[in-house]
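Novice: I have a structure I would like to understand better, so I am pasting it below and will then ask my questions one at a time.
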Protein chains: 2
Amino acid sequence: MTAHSHTHDPACPGCATPDVAFGAHDHGHCSADVMARADILLQANGARLTPVRRRVLEILLEDHRALGAYDVLQRLAAEGFGNQPPVAYRALDFLVEQGLAHRVDRLNAFTACMHPGEAHAPAFLICRVCHTVAEAAAMPVRAALDKAARAVGFVIERSNVEALGLCPQCQTGATC
Amino acid sequence: MTAHSHTHDPACPGCATPDVAFGAHDHGHCSADVMARADILLQANGARLTPVRRRVLEILLEDHRALGAYDVLQRLAAEGFGNQPPVAYRALDFLVEQGLAHRVDRLNAFTACMHPGEAHAPAFLICRVCHTVAEAAAMPVRAALDKAARAVGFVIERSNVEALGLCPQCQTGATC
DNA sequence: TACACTACGTTATAATATAACAAGTCAAGA
DNA sequence: TCTTGACTTGTTATATTATAACGTAGTGTA
């Protein structure tokens, strides 16, 4: 992982656009930036980024994909952590609670949050070919959803938007 | 089930508004209307609404809730159909394919589509207290999502929008 | 140190979902 | 009418995803 010292640089594609997943970018930025923010965020929350939790976040950050709990577990086990399901689920649930990861229901899988700490309603663009998961700018989506909900008196507490389709690369027939 | 003869009457709350789930309404309308449409739709598609499939759709239509595959299976078994998982999953998958039901990923459950045949992107409002599931007007939501996707060159084929929160009844503290 | 609290590792099991095959149904054409 | 082929159902078996419950160990604080 190529670490960088900045925390949030608008000149870096990985930081400037929330959904850079499909474009070429220095992925080291994404990872390092998020890890740095995670430390700050958790400290503010009085929560601890223990070795297992940190490692799980790193694993999720390796690329813009969603990993199943058992995939994560396998990685953990290979590195000397416990190898029973709760080990993975607990760390993943923790990260989700803290806003550092999201659960992608459609895939029964988890993905690192690409802009933790910022208020945002997650919306995922899932490529059905290469399985890349991008977290898209969802504020307008959320606004439209809120409006529809308000019309029937429903109060939204949490929303999850997931779209399945083809990423730019896979549309051209490339294998990604 | 109180059957009615009309197929789609704008004067009927269950027909006029797509998300009547939370309001008082003659639910017989919903069921009868959808069943009638299902027959037409399937005939047009050259697909068959066999006894199991019909029964599953009826079960889903009993109220505005999402049922797990095993809940459906239990009902089927009690009525003399097969009692192994594939029986339920096959019927449910068929209904989803035909656009007569939707899968609610968040709940690992299925719910009847309230306006089959009409072009629509499903958006669900799920009450976390009474578990009522309403299918909301999602065209604006889908439009916003499409726009966000287009911005990064992603082509959406299928989208799933699920919001968790409180329905009007449950906001007041009533048990629903 | 003693205490409360949190996190971790383990065993066991629950809940959800699918693969693969055999047997029955139905409609279209020989 | 008979046959064929596609489709549907039922069954066995198993895969995948997820949680309950309990004991132990680490962490910070009085």
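Labels for the structure tokens follow display order: chains A, B, ..., residues from 1 in each chain, ligands from 1.
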Taking only C-alpha atoms (C1' of nucleotides) into account and nothing else, which residues of chain C lie no more than 9 Å away from chain B? Please answer as a list in words.
Specialist: DT16, DA17 and DT18 of chain C
Novice: Show which residues sit within 10 Å of DC26 (chain C), as a count of residues only. Count only C-alpha atoms (C1' of nucleotides), and ignore same-chain residues fewer than 6 positions away.
Specialist: 3
Novice: Just asking: which residues within region 8-143 of chain B are strand (DSSP E) according to DSSP, as a ChimeraX atom specification?
Specialist: /B:101-104,109-112,123-127,133-135
Novice: Would you output that residue set with C-alpha atoms, as a short mmCIF file (atom, residue, chain, number, x, y, z; two decimals), in the first residue's frame?
Specialist:
data_model
loop_
_atom_site.label_atom_id
_atom_site.label_comp_id
_atom_site.auth_asym_id
_atom_site.auth_seq_id
_atom_site.Cartn_x
_atom_site.Cartn_y
_atom_site.Cartn_z
CA ALA B 101 -43.10 -10.22 -6.51
CA HIS B 102 -40.01 -8.48 -5.24
CA ARG B 103 -37.20 -9.65 -3.06
CA VAL B 104 -36.46 -7.44 -0.06
CA ALA B 109 -37.82 -11.93 2.32
CA PHE B 110 -40.34 -11.56 -0.45
CA THR B 111 -43.31 -9.33 -1.00
CA ALA B 112 -46.00 -9.18 -3.68
CA ALA B 123 -38.51 1.23 -3.60
CA PHE B 124 -39.54 -0.18 -0.25
CA LEU B 125 -40.42 1.55 2.95
CA ILE B 126 -39.97 -0.98 5.70
CA CYS B 127 -41.38 -0.27 9.15
CA VAL B 133 -43.56 -3.07 3.65
CA ALA B 134 -44.83 -0.39 1.29
CA GLU B 135 -43.81 -0.11 -2.30
#
Novice: Show me which bits of chain D are within 8 Å of chain B, counting only C-alpha atoms (C1' of nucleotides), as number ranges by chain.
Specialist: D: 9-11
Novice: Can you write just those residues out, N, CA and C atoms (P, O5', C5', C4', C3', O3' and C1' of nucleotides), as a PDB file, in the first residue's frame?
Specialist:
ATOM      1  P    DT D   9     -44.697 -25.983 -10.460  1.00  0.00           P
ATOM      2  O5'  DT D   9     -44.397 -27.396  -9.799  1.00  0.00           O
ATOM      3  C5'  DT D   9     -45.400 -28.397  -9.778  1.00  0.00           C
ATOM      4  C4'  DT D   9     -44.814 -29.666  -9.199  1.00  0.00           C
ATOM      5  C3'  DT D   9     -44.364 -29.554  -7.749  1.00  0.00           C
ATOM      6  O3'  DT D   9     -45.220 -30.353  -6.957  1.00  0.00           O
ATOM      7  C1'  DT D   9     -42.766 -30.709  -9.099  1.00  0.00           C
ATOM      8  P    DG D  10     -45.135 -30.305  -5.393  1.00  0.00           P
ATOM      9  O5'  DG D  10     -44.060 -31.443  -5.075  1.00  0.00           O
ATOM     10  C5'  DG D  10     -44.387 -32.800  -5.352  1.00  0.00           C
ATOM     11  C4'  DG D  10     -43.195 -33.669  -5.019  1.00  0.00           C
ATOM     12  C3'  DG D  10     -42.616 -33.449  -3.615  1.00  0.00           C
ATOM     13  O3'  DG D  10     -42.666 -34.676  -2.901  1.00  0.00           O
ATOM     14  C1'  DG D  10     -40.899 -33.435  -5.272  1.00  0.00           C
ATOM     15  P    DT D  11     -42.171 -34.729  -1.435  1.00  0.00           P
ATOM     16  O5'  DT D  11     -40.641 -35.172  -1.573  1.00  0.00           O
ATOM     17  C5'  DT D  11     -40.314 -36.372  -2.276  1.00  0.00           C
ATOM     18  C4'  DT D  11     -38.810 -36.525  -2.372  1.00  0.00           C
ATOM     19  C3'  DT D  11     -38.072 -36.238  -1.072  1.00  0.00           C
ATOM     20  O3'  DT D  11     -37.605 -37.454  -0.521  1.00  0.00           O
ATOM     21  C1'  DT D  11     -36.971 -35.275  -2.985  1.00  0.00           C
TER      22       DT D  11
END
Novice: Hand me chain B as it sits after a least-squares fit onto chain A over every Cα, paired in order, written as a short mmCIF file (atom, residue, chain, number, x, y, z; two decimals) with C-alpha atoms, in the first residue's frame.
Specialist:
data_model
loop_
_atom_site.label_atom_id
_atom_site.label_comp_id
_atom_site.auth_asym_id
_atom_site.auth_seq_id
_atom_site.Cartn_x
_atom_site.Cartn_y
_atom_site.Cartn_z
CA MET B 1 0.03 -0.02 0.02
CA THR B 2 1.52 3.30 -1.05
CA ALA B 3 0.93 5.54 1.90
CA HIS B 4 0.54 9.28 1.51
CA SER B 5 0.68 11.95 4.12
CA HIS B 6 -2.34 13.99 3.23
CA THR B 7 -5.71 13.39 4.78
CA HIS B 8 -8.00 14.79 2.15
CA ASP B 9 -6.66 16.36 -0.99
CA PRO B 10 -9.19 17.47 -3.61
CA ALA B 11 -6.49 17.11 -6.24
CA CYS B 12 -6.40 13.38 -5.63
CA PRO B 13 -9.03 11.58 -7.70
CA GLY B 14 -9.62 9.13 -4.90
CA CYS B 15 -10.49 11.99 -2.60
CA ALA B 16 -12.16 14.45 -4.90
CA THR B 17 -14.80 12.20 -6.40
CA PRO B 18 -16.73 9.81 -4.25
CA ASP B 19 -17.09 7.24 -6.96
CA VAL B 20 -13.67 6.94 -8.44
CA ALA B 21 -13.83 3.18 -8.12
CA PHE B 22 -14.20 2.68 -11.84
CA GLY B 23 -11.44 5.05 -12.88
CA ALA B 24 -7.70 4.57 -12.71
CA HIS B 25 -6.44 6.08 -9.51
CA ASP B 26 -3.74 5.76 -6.94
CA HIS B 27 -5.53 3.37 -4.69
CA GLY B 28 -2.98 3.87 -1.96
CA HIS B 29 -4.62 7.22 -1.43
CA CYS B 30 -7.98 5.68 -0.77
CA SER B 31 -6.65 3.25 1.77
CA ALA B 32 -4.26 5.52 3.60
CA ASP B 33 -6.74 8.33 3.69
CA VAL B 34 -9.51 6.21 5.09
CA MET B 35 -7.26 4.54 7.65
CA ALA B 36 -6.11 7.91 8.87
CA ARG B 37 -9.64 9.12 9.19
CA ALA B 38 -10.72 5.95 10.91
CA ASP B 39 -8.26 6.53 13.72
CA ILE B 40 -9.52 10.05 14.28
CA LEU B 41 -13.15 9.09 14.02
CA LEU B 42 -12.91 6.22 16.47
CA GLN B 43 -10.94 8.22 18.98
CA ALA B 44 -13.68 10.82 18.86
CA ASN B 45 -16.25 8.09 19.48
CA GLY B 46 -14.28 6.51 22.30
CA ALA B 47 -14.09 3.25 20.36
CA ARG B 48 -10.98 1.14 19.82
CA LEU B 49 -9.51 0.03 16.54
CA THR B 50 -8.10 -3.25 17.82
CA PRO B 51 -5.77 -5.42 15.70
CA VAL B 52 -8.53 -7.61 14.25
CA ARG B 53 -10.72 -4.63 13.47
CA ARG B 54 -7.87 -2.70 11.91
CA ARG B 55 -6.88 -5.68 9.83
CA VAL B 56 -10.43 -6.23 8.61
CA LEU B 57 -10.69 -2.61 7.55
CA GLU B 58 -7.38 -2.92 5.72
CA ILE B 59 -8.60 -6.03 3.96
CA LEU B 60 -11.80 -4.33 2.87
CA LEU B 61 -9.77 -1.39 1.65
CA GLU B 62 -7.56 -3.50 -0.59
CA ASP B 63 -9.80 -2.78 -3.49
CA HIS B 64 -13.21 -1.52 -4.45
CA ARG B 65 -14.99 -4.78 -3.96
CA ALA B 66 -17.36 -6.27 -1.47
CA LEU B 67 -16.12 -9.23 0.54
CA GLY B 68 -18.24 -11.88 2.21
CA ALA B 69 -17.79 -12.47 5.92
CA TYR B 70 -16.28 -15.86 5.22
CA ASP B 71 -13.79 -14.40 2.76
CA VAL B 72 -12.65 -12.02 5.43
CA LEU B 73 -12.58 -14.82 7.96
CA GLN B 74 -10.32 -16.90 5.76
CA ARG B 75 -7.86 -14.04 5.51
CA LEU B 76 -7.92 -13.50 9.24
CA ALA B 77 -7.43 -17.16 10.02
CA ALA B 78 -4.44 -17.30 7.67
CA GLU B 79 -2.88 -14.49 9.66
CA GLY B 80 -3.29 -16.10 13.04
CA PHE B 81 -6.53 -14.59 14.22
CA GLY B 82 -9.44 -16.74 15.29
CA ASN B 83 -11.06 -18.76 12.56
CA GLN B 84 -14.64 -18.98 13.67
CA PRO B 85 -17.43 -16.94 12.05
CA PRO B 86 -18.07 -14.64 15.00
CA VAL B 87 -14.55 -13.27 14.72
CA ALA B 88 -15.28 -11.90 11.28
CA TYR B 89 -18.87 -10.91 11.93
CA ARG B 90 -18.01 -9.03 15.08
CA ALA B 91 -15.31 -6.99 13.44
CA LEU B 92 -17.48 -6.30 10.41
CA ASP B 93 -20.48 -5.33 12.50
CA PHE B 94 -18.29 -3.01 14.50
CA LEU B 95 -17.01 -1.30 11.38
CA VAL B 96 -20.54 -0.91 10.04
CA GLU B 97 -21.75 0.55 13.33
CA GLN B 98 -18.90 3.03 13.32
CA GLY B 99 -19.63 4.03 9.75
CA LEU B 100 -16.35 2.66 8.44
CA ALA B 101 -17.94 -0.04 6.33
CA HIS B 102 -21.24 -0.76 4.66
CA ARG B 103 -23.15 -3.94 4.20
CA VAL B 104 -24.20 -4.69 0.62
CA ASP B 105 -27.35 -6.70 1.11
CA ARG B 106 -27.61 -7.80 -2.47
CA LEU B 107 -24.29 -9.61 -2.16
CA ASN B 108 -24.38 -10.57 1.48
CA ALA B 109 -21.07 -8.80 1.62
CA PHE B 110 -19.23 -5.87 3.09
CA THR B 111 -17.30 -2.99 1.64
CA ALA B 112 -15.22 -0.21 3.16
CA CYS B 113 -16.85 3.17 3.38
CA MET B 114 -15.01 5.53 1.10
CA HIS B 115 -15.81 8.70 2.99
CA PRO B 116 -16.33 7.91 6.64
CA GLY B 117 -17.34 10.66 8.95
CA GLU B 118 -19.07 12.63 6.24
CA ALA B 119 -22.84 12.58 6.39
CA HIS B 120 -24.00 10.48 3.53
CA ALA B 121 -26.60 7.95 2.53
CA PRO B 122 -24.85 5.07 0.84
CA ALA B 123 -25.73 4.16 -2.73
CA PHE B 124 -23.85 1.37 -4.42
CA LEU B 125 -23.19 0.73 -8.06
CA ILE B 126 -22.37 -2.94 -8.37
CA CYS B 127 -20.84 -4.24 -11.59
CA ARG B 128 -22.22 -7.69 -12.26
CA VAL B 129 -19.18 -8.65 -14.31
CA CYS B 130 -16.14 -7.52 -12.36
CA HIS B 131 -17.96 -7.12 -9.04
CA THR B 132 -16.49 -3.72 -8.41
CA VAL B 133 -18.59 -1.76 -5.96
CA ALA B 134 -18.64 2.02 -6.15
CA GLU B 135 -20.17 4.22 -3.53
CA ALA B 136 -21.96 6.89 -5.52
CA ALA B 137 -23.06 10.41 -4.69
CA ALA B 138 -26.44 9.62 -3.23
CA MET B 139 -27.62 12.80 -1.66
CA PRO B 140 -30.04 13.58 -4.50
CA VAL B 141 -31.24 9.98 -4.42
CA ARG B 142 -31.81 10.18 -0.72
CA ALA B 143 -33.64 13.46 -1.13
CA ALA B 144 -36.01 11.94 -3.66
CA LEU B 145 -36.55 8.99 -1.38
CA ASP B 146 -37.25 11.21 1.60
CA LYS B 147 -39.81 13.09 -0.41
CA ALA B 148 -41.62 9.90 -1.41
CA ALA B 149 -41.57 8.74 2.19
CA ARG B 150 -42.86 12.02 3.54
CA ALA B 151 -45.78 11.81 1.14
CA VAL B 152 -47.07 8.74 2.97
CA GLY B 153 -45.98 9.82 6.44
CA PHE B 154 -43.09 7.41 6.70
CA VAL B 155 -39.94 8.48 8.54
CA ILE B 156 -36.72 7.04 7.12
CA GLU B 157 -34.01 6.17 9.60
CA ARG B 158 -31.67 4.24 7.38
CA SER B 159 -31.66 3.72 3.64
CA ASN B 160 -29.88 1.39 1.36
CA VAL B 161 -29.68 1.91 -2.36
CA GLU B 162 -28.10 -0.74 -4.54
CA ALA B 163 -27.91 -0.77 -8.31
CA LEU B 164 -26.73 -3.68 -10.38
CA GLY B 165 -25.35 -3.13 -13.83
CA LEU B 166 -22.23 -2.65 -15.89
CA CYS B 167 -19.27 -0.48 -15.04
CA PRO B 168 -17.60 1.56 -17.82
CA GLN B 169 -14.84 -1.00 -18.34
CA CYS B 170 -17.13 -3.99 -18.56
CA GLN B 171 -19.44 -2.30 -21.04
CA THR B 172 -16.71 -2.44 -23.65
CA GLY B 173 -16.41 -6.19 -23.37
CA ALA B 174 -13.14 -6.01 -21.48
CA THR B 175 -12.81 -8.58 -18.70
CA CYS B 176 -11.73 -5.89 -16.25
#
Novice: Quick one: everything within 12 Å of DG5 (chain D), counting only C-alpha atoms (C1' of nucleotides), minus sequence neighbours fewer than 3 positions away in the same chain. Send it as a ChimeraX atom specification.
Specialist: /C:26-29
Novice: Taking the DSSP assignment computed from this structure's backbone, write out as a PyMOL selection string all residues of region 37-130 of chain B that belong to helix (DSSP H, G or I).
Specialist: chain B and resi 37-45+51-61+69-78+85-97+105-107
Novice: I need the residues from that last selection saved to file as a PDB file, in the first residue's frame (with C-alpha atoms), if you can.
Specialist:
ATOM      1  CA  ARG B  37     -53.558  -8.789 -13.531  1.00  0.00           C
ATOM      2  CA  ALA B  38     -51.237 -11.678 -12.869  1.00  0.00           C
ATOM      3  CA  ASP B  39     -53.351 -13.980 -15.005  1.00  0.00           C
ATOM      4  CA  ILE B  40     -53.310 -11.548 -17.903  1.00  0.00           C
ATOM      5  CA  LEU B  41     -49.635 -10.780 -17.568  1.00  0.00           C
ATOM      6  CA  LEU B  42     -48.547 -14.395 -17.465  1.00  0.00           C
ATOM      7  CA  GLN B  43     -50.722 -15.384 -20.375  1.00  0.00           C
ATOM      8  CA  ALA B  44     -49.078 -12.622 -22.364  1.00  0.00           C
ATOM      9  CA  ASN B  45     -45.680 -13.979 -21.376  1.00  0.00           C
ATOM     10  CA  PRO B  51     -51.309 -24.156  -8.290  1.00  0.00           C
ATOM     11  CA  VAL B  52     -48.189 -23.721  -6.141  1.00  0.00           C
ATOM     12  CA  ARG B  53     -47.274 -20.466  -7.812  1.00  0.00           C
ATOM     13  CA  ARG B  54     -50.796 -19.123  -7.544  1.00  0.00           C
ATOM     14  CA  ARG B  55     -50.977 -20.089  -3.912  1.00  0.00           C
ATOM     15  CA  VAL B  56     -47.657 -18.439  -3.122  1.00  0.00           C
ATOM     16  CA  LEU B  57     -48.788 -15.232  -4.750  1.00  0.00           C
ATOM     17  CA  GLU B  58     -52.015 -15.362  -2.743  1.00  0.00           C
ATOM     18  CA  ILE B  59     -50.055 -15.879   0.445  1.00  0.00           C
ATOM     19  CA  LEU B  60     -47.804 -12.928  -0.301  1.00  0.00           C
ATOM     20  CA  LEU B  61     -50.864 -10.848  -1.049  1.00  0.00           C
ATOM     21  CA  ALA B  69     -39.043 -18.342   1.986  1.00  0.00           C
ATOM     22  CA  TYR B  70     -39.377 -20.672   4.938  1.00  0.00           C
ATOM     23  CA  ASP B  71     -42.527 -18.934   6.135  1.00  0.00           C
ATOM     24  CA  VAL B  72     -44.040 -19.481   2.740  1.00  0.00           C
ATOM     25  CA  LEU B  73     -42.803 -23.053   2.720  1.00  0.00           C
ATOM     26  CA  GLN B  74     -44.491 -23.776   6.022  1.00  0.00           C
ATOM     27  CA  ARG B  75     -47.788 -22.530   4.658  1.00  0.00           C
ATOM     28  CA  LEU B  76     -47.412 -24.594   1.526  1.00  0.00           C
ATOM     29  CA  ALA B  77     -46.516 -27.735   3.428  1.00  0.00           C
ATOM     30  CA  ALA B  78     -49.565 -27.307   5.660  1.00  0.00           C
ATOM     31  CA  PRO B  85     -37.012 -25.499   0.428  1.00  0.00           C
ATOM     32  CA  PRO B  86     -36.805 -25.674  -3.360  1.00  0.00           C
ATOM     33  CA  VAL B  87     -40.586 -25.773  -3.573  1.00  0.00           C
ATOM     34  CA  ALA B  88     -40.847 -22.344  -2.018  1.00  0.00           C
ATOM     35  CA  TYR B  89     -37.758 -20.873  -3.640  1.00  0.00           C
ATOM     36  CA  ARG B  90     -38.774 -21.977  -7.097  1.00  0.00           C
ATOM     37  CA  ALA B  91     -42.204 -20.457  -6.863  1.00  0.00           C
ATOM     38  CA  LEU B  92     -40.829 -17.261  -5.353  1.00  0.00           C
ATOM     39  CA  ASP B  93     -38.088 -16.957  -7.946  1.00  0.00           C
ATOM     40  CA  PHE B  94     -40.650 -17.464 -10.660  1.00  0.00           C
ATOM     41  CA  LEU B  95     -42.848 -14.695  -9.301  1.00  0.00           C
ATOM     42  CA  VAL B  96     -39.882 -12.354  -9.036  1.00  0.00           C
ATOM     43  CA  GLU B  97     -38.812 -13.113 -12.597  1.00  0.00           C
ATOM     44  CA  ASP B 105     -32.774  -8.031   0.479  1.00  0.00           C
ATOM     45  CA  ARG B 106     -32.633  -6.327   3.818  1.00  0.00           C
ATOM     46  CA  LEU B 107     -35.059  -8.886   5.225  1.00  0.00           C
TER      47      LEU B 107
END
